[in-house]
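In what follows, a structure is listed as structure tokens, so that the remarks can point back to it.
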Amino acid sequence: MGLTFTLNIPSKTDNPIHQLSEVMTVGSQVGDLILRDPSVEAKHCTFLVNDDVVSIIDHESSVGTFVHGERIPSSRMIILNNGDRLKIGEVDVELIAQDSGDGTANILLYSLGAVSQNDGKSVEQLIVDQIINEVAIIE
């Protein structure tokens, strides 16, 4: 599909937009994206991009990570959709997907428990398998 994913952070000065990489950790001190905010943990959460699917894992942060106002469970992968509104601590973030052309494309609508065509594995397990093959440890 050739989608690119960005994070829009409207609550920060100049409304910064950051392009997601395959694995992008967010924190106040450690990570690929540093958010200087007292509600953001040193290593708060990680975004994962695999085959046009974006997911997020909260690293047991005390304030939490939220999708549409609902706190996500720590250390559990949650699949996101285009336009999802998140809070990393108290920082508002929006996920935006764009195709390689000019228009906005929708992310494939996977639910967390969706079954794939690959040996009956869930989409979540396929992403985890891919990450394990590419990354030694995600803490």
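Simple scheme: letters A, B, ... for chains in structure tokens order, numbers from 1 for residues in each chain, numbers from 1 for ligands in the order shown.
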
Within 6 Å of stretch 42-49 of chain A, counting only C-alpha atoms, which residues show up once you throw out same-chain ones fewer than 6 positions away? Write them as a PyMOL selection string, please. chain A and resi 22-30+55-59+61

Counting only C-alpha atoms, figure out which residue out of A:Gln98, A:Leu80, A:Val93, A:Glu70 gets nearest to A:Ile17.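 Comparing A:Gln98, A:Leu80, A:Val93, A:Glu70 against A:Ile17, the winner is A:Val93.
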
Within 9 Å of A:Phe66, counting only C-alpha atoms, which residues show up once you throw out same-chain ones fewer than 6 positions away? Write them as a PyMOL selection string, please. chain A and resi 72+85-89

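When atom CA of A:His68 is paired with atom CA of A:Val91, their separation reads 12.8 Å.
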
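Distances here use only C-alpha atoms; by that measure, the residue among A:Val53, A:Ile34, A:Leu20, A:Ile79 closest to A:Val67 is A:Ile79.
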
Gap from atom CA of A:His18 to atom CA of A:Gly69 - Å, one decimal: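 Separating atom CA of A:His18 from atom CA of A:Gly69 is a distance of 21.7 Å.
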